[in-house]
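**Q** So here's my_file12.cif (mmCIF, C-alpha atoms).
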data_input
loop_
_atom_site.group_PDB
_atom_site.id
_atom_site.type_symbol
_atom_site.label_atom_id
_atom_site.label_comp_id
_atom_site.auth_asym_id
_atom_site.auth_seq_id
_atom_site.Cartn_x
_atom_site.Cartn_y
_atom_site.Cartn_z
ATOM 1 C CA MET A 1 4.422 -8.967 -37.939
ATOM 2 C CA LYS A 2 7.502 -10.513 -39.519
ATOM 3 C CA THR A 3 8.630 -10.061 -43.131
ATOM 4 C CA ILE A 4 11.838 -11.484 -44.625
ATOM 5 C CA TYR A 5 13.612 -10.088 -47.696
ATOM 6 C CA GLN A 6 16.539 -11.395 -49.685
ATOM 7 C CA SER A 7 18.435 -9.690 -52.474
ATOM 8 C CA THR A 8 21.060 -10.670 -54.980
ATOM 9 C CA VAL A 9 22.948 -8.481 -57.410
ATOM 10 C CA ASP A 10 19.942 -8.510 -59.760
ATOM 11 C CA THR A 11 16.852 -9.287 -57.657
ATOM 12 C CA PHE A 12 15.081 -8.292 -54.475
ATOM 13 C CA ARG A 13 12.260 -10.469 -53.187
ATOM 14 C CA GLU A 14 10.306 -11.560 -50.134
ATOM 15 C CA ILE A 15 11.082 -15.064 -48.884
ATOM 16 C CA GLU A 16 9.498 -17.441 -46.385
ATOM 17 C CA GLU A 17 12.549 -18.536 -44.386
ATOM 18 C CA SER A 18 15.553 -16.426 -43.497
ATOM 19 C CA GLN A 19 18.907 -17.177 -45.120
ATOM 20 C CA ASN A 20 22.389 -15.812 -44.757
ATOM 21 C CA GLY A 21 22.415 -12.226 -45.939
ATOM 22 C CA SER A 22 18.660 -11.691 -45.580
ATOM 23 C CA TRP A 23 16.777 -8.828 -43.926
ATOM 24 C CA ILE A 24 14.229 -9.647 -41.230
ATOM 25 C CA LYS A 25 11.757 -6.832 -40.719
ATOM 26 C CA LEU A 26 9.734 -6.911 -37.494
ATOM 27 C CA VAL A 27 6.813 -4.522 -36.996
ATOM 28 C CA ASN A 28 5.260 -4.645 -33.528
ATOM 29 C CA PRO A 29 6.190 -8.342 -33.210
ATOM 30 C CA THR A 30 4.422 -10.614 -30.778
ATOM 31 C CA GLN A 31 6.268 -12.078 -27.817
ATOM 32 C CA LYS A 32 6.319 -15.430 -29.595
ATOM 33 C CA GLU A 33 7.829 -14.018 -32.791
ATOM 34 C CA SER A 34 10.472 -12.211 -30.768
ATOM 35 C CA LEU A 35 11.365 -15.354 -28.823
ATOM 36 C CA VAL A 36 11.790 -17.377 -32.018
ATOM 37 C CA ILE A 37 14.140 -14.784 -33.544
ATOM 38 C CA ALA A 38 16.023 -14.288 -30.258
ATOM 39 C CA ASP A 39 16.589 -18.046 -29.805
ATOM 40 C CA ARG A 40 17.648 -18.630 -33.396
ATOM 41 C CA TYR A 41 20.244 -15.843 -33.520
ATOM 42 C CA ASN A 42 21.195 -15.868 -29.829
ATOM 43 C CA ILE A 43 19.939 -12.330 -29.166
ATOM 44 C CA ASP A 44 18.902 -11.028 -25.764
ATOM 45 C CA ILE A 45 15.097 -10.763 -25.857
ATOM 46 C CA GLU A 46 15.279 -7.460 -23.985
ATOM 47 C CA ASP A 47 17.423 -5.944 -26.748
ATOM 48 C CA LEU A 48 15.146 -7.303 -29.448
ATOM 49 C CA ARG A 49 12.041 -5.800 -27.845
ATOM 50 C CA ALA A 50 13.660 -2.573 -26.612
ATOM 51 C CA PRO A 51 12.518 -0.554 -29.691
ATOM 52 C CA LEU A 52 8.900 -1.340 -28.783
ATOM 53 C CA ASP A 53 9.255 0.916 -25.734
ATOM 54 C CA LEU A 54 8.582 4.529 -26.752
ATOM 55 C CA GLU A 55 10.761 5.808 -23.908
ATOM 56 C CA GLU A 56 13.921 4.004 -25.073
ATOM 57 C CA ARG A 57 16.822 6.321 -25.937
ATOM 58 C CA SER A 58 19.171 6.024 -28.895
ATOM 59 C CA ARG A 59 22.230 3.899 -28.143
ATOM 60 C CA ILE A 60 24.567 1.173 -29.398
ATOM 61 C CA THR A 61 24.859 -2.182 -27.661
ATOM 62 C CA VAL A 62 27.767 -4.447 -28.612
ATOM 63 C CA GLU A 63 27.545 -8.138 -27.658
ATOM 64 C CA ASP A 64 29.555 -11.201 -28.685
ATOM 65 C CA ASN A 65 27.008 -12.415 -31.249
ATOM 66 C CA TYR A 66 25.437 -9.179 -32.431
ATOM 67 C CA THR A 67 25.476 -5.406 -32.391
ATOM 68 C CA MET A 68 22.306 -3.403 -31.797
ATOM 69 C CA ILE A 69 21.846 0.178 -32.977
ATOM 70 C CA LEU A 70 18.835 2.012 -31.562
ATOM 71 C CA VAL A 71 17.862 5.362 -33.135
ATOM 72 C CA ASP A 72 14.795 7.592 -33.099
ATOM 73 C CA ILE A 73 12.882 8.001 -36.355
ATOM 74 C CA PRO A 74 10.242 10.622 -37.263
ATOM 75 C CA MET A 75 6.607 9.571 -37.511
ATOM 76 C CA LEU A 76 3.181 11.086 -38.139
ATOM 77 C CA GLU A 77 0.767 10.945 -35.206
ATOM 78 C CA ASP A 78 -2.907 11.864 -34.807
ATOM 79 C CA ARG A 79 -3.362 14.506 -32.106
ATOM 80 C CA ASN A 80 -6.502 16.628 -31.722
ATOM 81 C CA LYS A 81 -7.942 15.105 -34.922
ATOM 82 C CA LYS A 82 -4.981 16.319 -37.017
ATOM 83 C CA GLU A 83 -1.686 14.825 -38.140
ATOM 84 C CA TRP A 84 1.350 16.023 -36.226
ATOM 85 C CA TYR A 85 4.894 14.785 -35.795
ATOM 86 C CA THR A 86 6.625 12.675 -33.174
ATOM 87 C CA THR A 87 9.474 10.178 -32.929
ATOM 88 C CA ILE A 88 9.655 6.479 -32.087
ATOM 89 C CA PRO A 89 12.605 4.069 -31.673
ATOM 90 C CA LEU A 90 13.906 1.892 -34.499
ATOM 91 C CA GLY A 91 16.189 -1.022 -33.652
ATOM 92 C CA ILE A 92 18.791 -2.339 -36.111
ATOM 93 C CA ILE A 93 20.471 -5.591 -35.074
ATOM 94 C CA ILE A 94 23.342 -6.958 -37.119
ATOM 95 C CA THR A 95 24.401 -10.586 -36.667
ATOM 96 C CA ASN A 96 26.806 -12.774 -38.596
ATOM 97 C CA GLU A 97 23.938 -14.176 -40.657
ATOM 98 C CA VAL A 98 21.210 -11.538 -41.017
ATOM 99 C CA LEU A 99 20.206 -7.961 -40.366
ATOM 100 C CA ILE A 100 17.089 -7.396 -38.255
ATOM 101 C CA THR A 101 15.024 -4.221 -37.969
ATOM 102 C CA THR A 102 12.323 -3.892 -35.350
ATOM 103 C CA CYS A 103 9.889 -1.059 -34.813
ATOM 104 C CA LEU A 104 6.496 -0.407 -33.280
ATOM 105 C CA GLN A 105 4.917 0.835 -36.543
ATOM 106 C CA GLU A 106 5.402 0.861 -40.280
ATOM 107 C CA THR A 107 7.735 3.678 -41.179
ATOM 108 C CA ARG A 108 8.674 5.808 -44.174
ATOM 109 C CA VAL A 109 12.342 5.225 -43.397
ATOM 110 C CA LEU A 110 12.097 1.592 -44.550
ATOM 111 C CA ASP A 111 9.441 1.990 -47.271
ATOM 112 C CA ASP A 112 11.890 2.769 -50.085
ATOM 113 C CA PHE A 113 13.994 -0.262 -49.200
ATOM 114 C CA GLU A 114 10.965 -2.555 -49.371
ATOM 115 C CA ASN A 115 9.874 -1.055 -52.677
ATOM 116 C CA GLY A 116 13.333 -1.318 -54.239
ATOM 117 C CA ARG A 117 13.788 2.441 -54.718
ATOM 118 C CA VAL A 118 17.185 2.722 -52.982
ATOM 119 C CA LYS A 119 20.223 2.698 -55.229
ATOM 120 C CA ASP A 120 22.967 0.137 -54.497
ATOM 121 C CA PHE A 121 20.907 -1.534 -51.772
ATOM 122 C CA TYR A 122 21.594 -5.211 -51.065
ATOM 123 C CA THR A 123 20.504 -7.089 -47.959
ATOM 124 C CA PHE A 124 23.750 -9.059 -47.798
ATOM 125 C CA MET A 125 25.826 -5.840 -47.587
ATOM 126 C CA LYS A 126 24.838 -5.338 -43.966
ATOM 127 C CA THR A 127 27.171 -2.453 -43.065
ATOM 128 C CA ARG A 128 26.098 -0.384 -46.044
ATOM 129 C CA PHE A 129 22.459 -1.270 -45.350
ATOM 130 C CA ILE A 130 22.781 0.130 -41.809
ATOM 131 C CA PHE A 131 24.290 3.383 -43.039
ATOM 132 C CA GLN A 132 21.674 3.641 -45.792
ATOM 133 C CA ILE A 133 18.909 3.328 -43.182
ATOM 134 C CA LEU A 134 20.519 6.027 -41.044
ATOM 135 C CA TYR A 135 20.987 8.280 -44.088
ATOM 136 C CA LYS A 136 17.367 7.794 -45.126
ATOM 137 C CA ASN A 137 16.300 8.561 -41.550
ATOM 138 C CA ALA A 138 18.121 11.912 -41.644
ATOM 139 C CA LYS A 139 16.494 12.680 -45.012
ATOM 140 C CA VAL A 140 13.005 11.973 -43.629
ATOM 141 C CA TYR A 141 13.722 14.297 -40.705
ATOM 142 C CA LEU A 142 14.600 17.051 -43.197
ATOM 143 C CA GLN A 143 11.411 16.428 -45.201
ATOM 144 C CA TYR A 144 9.223 16.613 -42.097
ATOM 145 C CA LEU A 145 11.037 19.748 -40.884
ATOM 146 C CA ARG A 146 10.258 21.470 -44.188
ATOM 147 C CA ALA A 147 6.633 20.369 -43.823
ATOM 148 C CA ILE A 148 6.579 21.870 -40.301
ATOM 149 C CA ASP A 149 7.945 25.135 -41.705
ATOM 150 C CA ARG A 150 5.201 25.234 -44.352
ATOM 151 C CA LYS A 151 2.515 24.523 -41.744
ATOM 152 C CA SER A 152 3.813 27.249 -39.462
ATOM 153 C CA SER A 153 3.664 29.734 -42.372
ATOM 154 C CA GLU A 154 0.039 28.763 -43.053
ATOM 155 C CA VAL A 155 -0.879 29.185 -39.381
ATOM 156 C CA GLU A 156 0.917 32.544 -39.305
ATOM 157 C CA LYS A 157 -1.348 33.869 -42.079
ATOM 158 C CA LYS A 158 -4.455 32.864 -40.118
ATOM 159 C CA LEU A 159 -3.168 34.400 -36.898
ATOM 160 C CA HIS A 160 -3.072 37.977 -38.204
ATOM 161 C CA GLN A 161 -6.851 38.290 -37.920
ATOM 162 C CA SER A 162 -7.523 35.601 -35.336
ATOM 163 C CA THR A 163 -9.201 36.152 -31.982
ATOM 164 C CA LYS A 164 -9.401 32.452 -31.137
ATOM 165 C CA ASN A 165 -6.983 30.005 -29.570
ATOM 166 C CA GLU A 166 -7.163 27.364 -32.321
ATOM 167 C CA GLU A 167 -4.185 28.704 -34.264
ATOM 168 C CA LEU A 168 -2.120 29.063 -31.101
ATOM 169 C CA ILE A 169 -2.857 25.425 -30.280
ATOM 170 C CA GLU A 170 -1.622 24.451 -33.764
ATOM 171 C CA LEU A 171 1.594 26.383 -33.160
ATOM 172 C CA LEU A 172 1.949 24.638 -29.810
ATOM 173 C CA GLU A 173 1.639 21.234 -31.507
ATOM 174 C CA LEU A 174 4.277 22.226 -34.079
ATOM 175 C CA GLU A 175 6.565 23.449 -31.302
ATOM 176 C CA LYS A 176 6.046 20.148 -29.465
ATOM 177 C CA SER A 177 6.986 18.248 -32.643
ATOM 178 C CA LEU A 178 10.187 20.275 -32.942
ATOM 179 C CA VAL A 179 11.073 19.475 -29.323
ATOM 180 C CA TYR A 180 10.703 15.748 -30.130
ATOM 181 C CA PHE A 181 12.822 16.152 -33.264
ATOM 182 C CA THR A 182 15.561 18.177 -31.570
ATOM 183 C CA THR A 183 15.896 15.724 -28.684
ATOM 184 C CA SER A 184 15.932 12.688 -30.989
ATOM 185 C CA LEU A 185 18.420 14.213 -33.435
ATOM 186 C CA ARG A 186 20.836 14.981 -30.607
ATOM 187 C CA THR A 187 20.752 11.406 -29.316
ATOM 188 C CA ASN A 188 21.049 10.095 -32.887
ATOM 189 C CA GLU A 189 24.139 12.272 -33.340
ATOM 190 C CA ARG A 190 25.821 10.536 -30.415
ATOM 191 C CA VAL A 191 25.053 7.171 -32.007
ATOM 192 C CA LEU A 192 26.538 8.296 -35.337
ATOM 193 C CA GLU A 193 29.667 9.593 -33.625
ATOM 194 C CA LYS A 194 30.062 6.286 -31.832
ATOM 195 C CA LEU A 195 29.594 4.392 -35.107
ATOM 196 C CA VAL A 196 32.604 6.205 -36.553
ATOM 197 C CA LYS A 197 34.802 4.710 -33.822
ATOM 198 C CA LEU A 198 33.022 1.345 -33.540
ATOM 199 C CA LYS A 199 35.199 -1.566 -34.642
ATOM 200 C CA SER A 200 32.661 -4.372 -34.288
ATOM 201 C CA ILE A 201 31.101 -3.263 -37.598
ATOM 202 C CA LYS A 202 33.509 -3.506 -40.508
ATOM 203 C CA LYS A 203 33.540 -0.389 -42.680
ATOM 204 C CA TYR A 204 34.616 -0.070 -46.294
ATOM 205 C CA PRO A 205 35.704 3.239 -47.888
ATOM 206 C CA ASP A 206 32.338 3.749 -49.615
ATOM 207 C CA ASP A 207 30.535 2.984 -46.355
ATOM 208 C CA GLU A 208 32.632 5.536 -44.468
ATOM 209 C CA ASP A 209 31.704 8.194 -47.042
ATOM 210 C CA LEU A 210 28.044 7.315 -46.604
ATOM 211 C CA LEU A 211 28.388 7.555 -42.816
ATOM 212 C CA GLU A 212 29.998 10.994 -43.150
ATOM 213 C CA ASP A 213 27.122 12.112 -45.405
ATOM 214 C CA THR A 214 24.669 10.825 -42.819
ATOM 215 C CA ILE A 215 26.387 12.819 -40.055
ATOM 216 C CA VAL A 216 26.227 15.966 -42.212
ATOM 217 C CA GLU A 217 22.521 15.452 -42.958
ATOM 218 C CA ASN A 218 21.784 14.820 -39.283
ATOM 219 C CA GLN A 219 23.612 18.012 -38.290
ATOM 220 C CA GLN A 220 21.675 19.965 -40.902
ATOM 221 C CA ALA A 221 18.411 18.577 -39.514
ATOM 222 C CA MET A 222 19.484 19.586 -35.990
ATOM 223 C CA GLU A 223 20.223 23.135 -37.131
ATOM 224 C CA MET A 224 16.905 23.391 -38.966
ATOM 225 C CA ALA A 225 14.993 22.071 -35.942
ATOM 226 C CA SER A 226 16.751 24.568 -33.678
ATOM 227 C CA ILE A 227 16.050 27.505 -36.020
ATOM 228 C CA TYR A 228 12.411 26.572 -36.570
ATOM 229 C CA GLY A 229 11.982 26.027 -32.835
ATOM 230 C CA ASN A 230 13.291 29.521 -32.030
ATOM 231 C CA ILE A 231 11.074 31.038 -34.727
ATOM 232 C CA LEU A 232 7.982 29.230 -33.446
ATOM 233 C CA SER A 233 8.724 30.211 -29.860
ATOM 234 C CA GLY A 234 8.956 33.888 -30.832
ATOM 235 C CA MET A 235 5.880 33.567 -33.028
ATOM 236 C CA MET A 236 3.896 32.065 -30.138
ATOM 237 C CA ASP A 237 4.738 35.034 -27.893
ATOM 238 C CA ALA A 238 4.079 37.610 -30.595
ATOM 239 C CA PHE A 239 0.743 36.247 -31.720
ATOM 240 C CA ALA A 240 -0.481 35.652 -28.195
ATOM 241 C CA SER A 241 -0.143 39.425 -27.856
ATOM 242 C CA VAL A 242 -1.800 39.934 -31.266
ATOM 243 C CA ILE A 243 -4.821 37.850 -30.286
ATOM 244 C CA SER A 244 -5.115 39.701 -26.977
ATOM 245 C CA ASN A 245 -4.855 43.025 -28.801
ATOM 246 C CA ASN A 246 -7.517 41.993 -31.338
ATOM 247 C CA GLN A 247 -9.867 41.108 -28.509
ATOM 248 C CA ASN A 248 -9.204 44.475 -26.837
ATOM 249 C CA ILE A 249 -9.996 46.287 -30.089
ATOM 250 C CA ILE A 250 -13.288 44.439 -30.441
ATOM 251 C CA MET A 251 -14.215 45.213 -26.833
ATOM 252 C CA LYS A 252 -13.352 48.901 -27.368
ATOM 253 C CA VAL A 253 -15.558 49.108 -30.482
ATOM 254 C CA LEU A 254 -18.439 47.435 -28.663
ATOM 255 C CA ALA A 255 -18.025 49.841 -25.730
ATOM 256 C CA LEU A 256 -18.113 52.880 -28.069
ATOM 257 C CA ILE A 257 -21.208 51.561 -29.832
ATOM 258 C CA THR A 258 -22.845 51.099 -26.426
ATOM 259 C CA ILE A 259 -22.049 54.717 -25.500
ATOM 260 C CA VAL A 260 -23.523 56.024 -28.776
ATOM 261 C CA MET A 261 -26.666 53.914 -28.363
ATOM 262 C CA SER A 262 -27.094 54.942 -24.729
ATOM 263 C CA ILE A 263 -27.652 58.639 -25.653
ATOM 264 C CA PRO A 264 -31.113 58.194 -27.283
ATOM 265 C CA THR A 265 -31.886 55.553 -24.648
ATOM 266 C CA MET A 266 -31.410 58.092 -21.826
ATOM 267 C CA ILE A 267 -33.483 60.768 -23.642
ATOM 268 C CA PHE A 268 -36.327 58.360 -24.377
ATOM 269 C CA SER A 269 -36.211 57.105 -20.785
ATOM 270 C CA ALA A 270 -36.628 60.670 -19.480
ATOM 271 C CA TYR A 271 -39.664 61.205 -21.690
ATOM 272 C CA GLY A 272 -41.089 57.925 -20.566
ATOM 273 C CA MET A 273 -41.345 59.028 -16.947
ATOM 274 C CA ASN A 274 -44.820 59.469 -15.450
ATOM 275 C CA VAL A 275 -44.783 63.299 -14.913
ATOM 276 C CA GLU A 276 -46.886 66.269 -15.973
ATOM 277 C CA GLY A 277 -46.576 67.056 -19.658
ATOM 278 C CA LYS A 278 -46.186 70.791 -18.974
ATOM 279 C CA GLY A 279 -42.781 70.187 -17.407
ATOM 280 C CA MET A 280 -41.393 68.302 -20.426
ATOM 281 C CA PRO A 281 -39.946 70.259 -23.398
ATOM 282 C CA PHE A 282 -41.963 69.851 -26.609
ATOM 283 C CA ALA A 283 -44.532 67.749 -24.747
ATOM 284 C CA GLU A 284 -47.423 69.906 -25.956
ATOM 285 C CA SER A 285 -46.078 70.407 -29.483
ATOM 286 C CA PRO A 286 -47.721 68.342 -32.256
ATOM 287 C CA PHE A 287 -44.212 67.706 -33.623
ATOM 288 C CA GLY A 288 -42.667 66.946 -30.203
ATOM 289 C CA PHE A 289 -42.055 63.237 -30.952
ATOM 290 C CA TRP A 290 -40.106 63.953 -34.150
ATOM 291 C CA ILE A 291 -38.198 66.829 -32.548
ATOM 292 C CA ILE A 292 -36.977 64.493 -29.781
ATOM 293 C CA ILE A 293 -36.041 61.843 -32.349
ATOM 294 C CA CYS A 294 -34.041 64.406 -34.343
ATOM 295 C CA ILE A 295 -32.284 65.759 -31.251
ATOM 296 C CA SER A 296 -31.303 62.212 -30.185
ATOM 297 C CA PHE A 297 -30.107 61.429 -33.702
ATOM 298 C CA VAL A 298 -28.024 64.616 -33.954
ATOM 299 C CA ILE A 299 -26.373 64.076 -30.561
ATOM 300 C CA SER A 300 -25.574 60.453 -31.487
ATOM 301 C CA ILE A 301 -24.075 61.555 -34.822
ATOM 302 C CA PHE A 302 -22.037 64.275 -33.099
ATOM 303 C CA THR A 303 -20.733 61.740 -30.548
ATOM 304 C CA THR A 304 -19.826 59.259 -33.299
ATOM 305 C CA VAL A 305 -17.964 61.954 -35.273
ATOM 306 C CA TYR A 306 -16.115 62.971 -32.126
ATOM 307 C CA PHE A 307 -15.003 59.368 -31.487
ATOM 308 C CA ILE A 308 -13.851 59.054 -35.090
ATOM 309 C CA TRP A 309 -11.954 62.358 -34.844
ATOM 310 C CA LYS A 310 -10.209 61.056 -31.724
ATOM 311 C CA LYS A 311 -9.436 57.827 -33.706
ATOM 312 C CA TRP A 312 -11.146 55.697 -31.125
ATOM 313 C CA PHE A 313 -13.199 53.841 -33.744
#
Any chance you could put this one into structure tokens?

**A**
Amino acid sequence: MKTIYQSTVDTFREIEESQNGSWIKLVNPTQKESLVIADRYNIDIEDLRAPLDLEERSRITVEDNYTMILVDIPMLEDRNKKEWYTTIPLGIIITNEVLITTCLQETRVLDDFENGRVKDFYTFMKTRFIFQILYKNAKVYLQYLRAIDRKSSEVEKKLHQSTKNEELIELLELEKSLVYFTTSLRTNERVLEKLVKLKSIKKYPDDEDLLEDTIVENQQAMEMASIYGNILSGMMDAFASVISNNQNIIMKVLALITIVMSIPTMIFSAYGMNVEGKGMPFAESPFGFWIIICISFVISIFTTVYFIWKKWF
């Protein structure tokens, strides 16, 4: 899908045909759409379609007619019927005429630009636009990291009494998301460091300040991802032991109940044997049945009290 936007000092609108200073947004473009854009702006088709490959790594490619910046952006993904976090590539190509973004899916990173909610955003100010996208990307990482922290706290509360694996699986998914984030943020950092030295993109003083802010935000996101990852890893180990311990407690209680219940069972079994009544205590007494019941009950109560005294229950 291809969408073209053009802004002036006062307006921001969608247009039909690209002009100088416009923004071409490609979302999972077809081969035909990619070929048209590549031919018109003399872009290598492989570079234009590189962000559609989920395995592509963040990098900067400098050619005679354009410069391509490839970074990883955070996304929501359905796994095990729940929303979790992952990363996908976003390509930003700057030419003499236009700026092109290409991605496999719609993304939160570009939503605010489309909806006109970004301050001092103009499509014809291509350098600033690039740095604004990268800054917004770092901000989205921070938002998703805080959401991961909140989710891990919710799962932690459930785990205290859990004997199932469901909560551990949720922690595993969160840990997997943090691995994606940490890896992507590190590669993005290398891109940002290279942008500082890159001369093919002209930088103005305000743009350099924005780039520095972006680097700071990206570093903060890396630190948060590392901290949350270490916390989750320790939490996984601790609560795996908690779940195992909870199961052992339940098995111990069931075993003690079985012992208590086996006492009257053994007595009743003895009286159920096919032997002469004269050899069985209380067999000839009219109250023999109730006496046996009482004896079984007393022994069971005594055993239960003993277990409680030993703090086994």

**Q** Taking the file as shown, find all residues satisfying the PyMOL selection byres ((chain A and resi 86) around 6) and write them as a PyMOL selection string.

**A** chain A and resi 74-75+85+87+177+180

**Q** Which residues, named as in the file, does the PyMOL selection byres ((chain A and resi 226) around 12) pick out? Answer as a short mmCIF file (atom, residue, chain, number, x, y, z; two decimals) with C-alpha atoms, keeping the file's coordinate frame.

**A**
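Written out: result.cif:
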data_model
loop_
_atom_site.label_atom_id
_atom_site.label_comp_id
_atom_site.auth_asym_id
_atom_site.auth_seq_id
_atom_site.Cartn_x
_atom_site.Cartn_y
_atom_site.Cartn_z
CA LEU A 145 11.04 19.75 -40.88
CA ASP A 149 7.94 25.14 -41.70
CA GLU A 175 6.56 23.45 -31.30
CA SER A 177 6.99 18.25 -32.64
CA LEU A 178 10.19 20.27 -32.94
CA VAL A 179 11.07 19.48 -29.32
CA TYR A 180 10.70 15.75 -30.13
CA PHE A 181 12.82 16.15 -33.26
CA THR A 182 15.56 18.18 -31.57
CA THR A 183 15.90 15.72 -28.68
CA LEU A 185 18.42 14.21 -33.44
CA ARG A 186 20.84 14.98 -30.61
CA GLN A 219 23.61 18.01 -38.29
CA GLN A 220 21.68 19.96 -40.90
CA ALA A 221 18.41 18.58 -39.51
CA MET A 222 19.48 19.59 -35.99
CA GLU A 223 20.22 23.14 -37.13
CA MET A 224 16.90 23.39 -38.97
CA ALA A 225 14.99 22.07 -35.94
CA ILE A 227 16.05 27.50 -36.02
CA TYR A 228 12.41 26.57 -36.57
CA GLY A 229 11.98 26.03 -32.84
CA ASN A 230 13.29 29.52 -32.03
CA ILE A 231 11.07 31.04 -34.73
CA LEU A 232 7.98 29.23 -33.45
CA SER A 233 8.72 30.21 -29.86
#

**Q** Considering all atoms listed in the file, can you say which of A:Ile292, A:Ala270, A:Val260, A:Val71 comes closest to Ile92 in chain A?

**A**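 Using all atoms listed in the file, Ile92 in chain A sits closest to A:Val71.
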
**Q** Kindly indicate which residue among A:Ile267, A:Ile295, A:Leu174, A:Val191 lies nearest to Met236 in chain A, using all atoms listed in the file for the distances.

**A**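 Selected residue with least distance to Met236 in chain A: A:Leu174.
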
**Q** Check what the PyMOL selection byres ((chain A and resi 94) around 10) selects in the file above and give those residues as number ranges by chain.

**A** A: 23, 62, 65-69, 91-93, 95-101, 126-127, 130, 201

**Q** Grab the CA of Phe12 in chain A to CA of Lys136 in chain A distance for me, in Å with one decimal place.

**A**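 Distance reported for this atom pair: 18.7 Å.
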
**Q** Which value, in Å to one decimal, gives the distance between CA of Leu26 in chain A and CA of Ile148 in chain A?

**A** 29.1 Å

**Q** A:Val140, A:Tyr204, A:Arg128, A:Arg57: which is nearest Leu110 in chain A, counting all atoms listed in the file?

**A**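 Checking each candidate against Leu110 in chain A, we get A:Val140 as the closest.
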
**Q** One decimal, in Å: what's the spacing between CA of Asp207 in chain A and CA of Lys194 in chain A?

**A**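 Here the two named atoms are 14.9 Å from each other.
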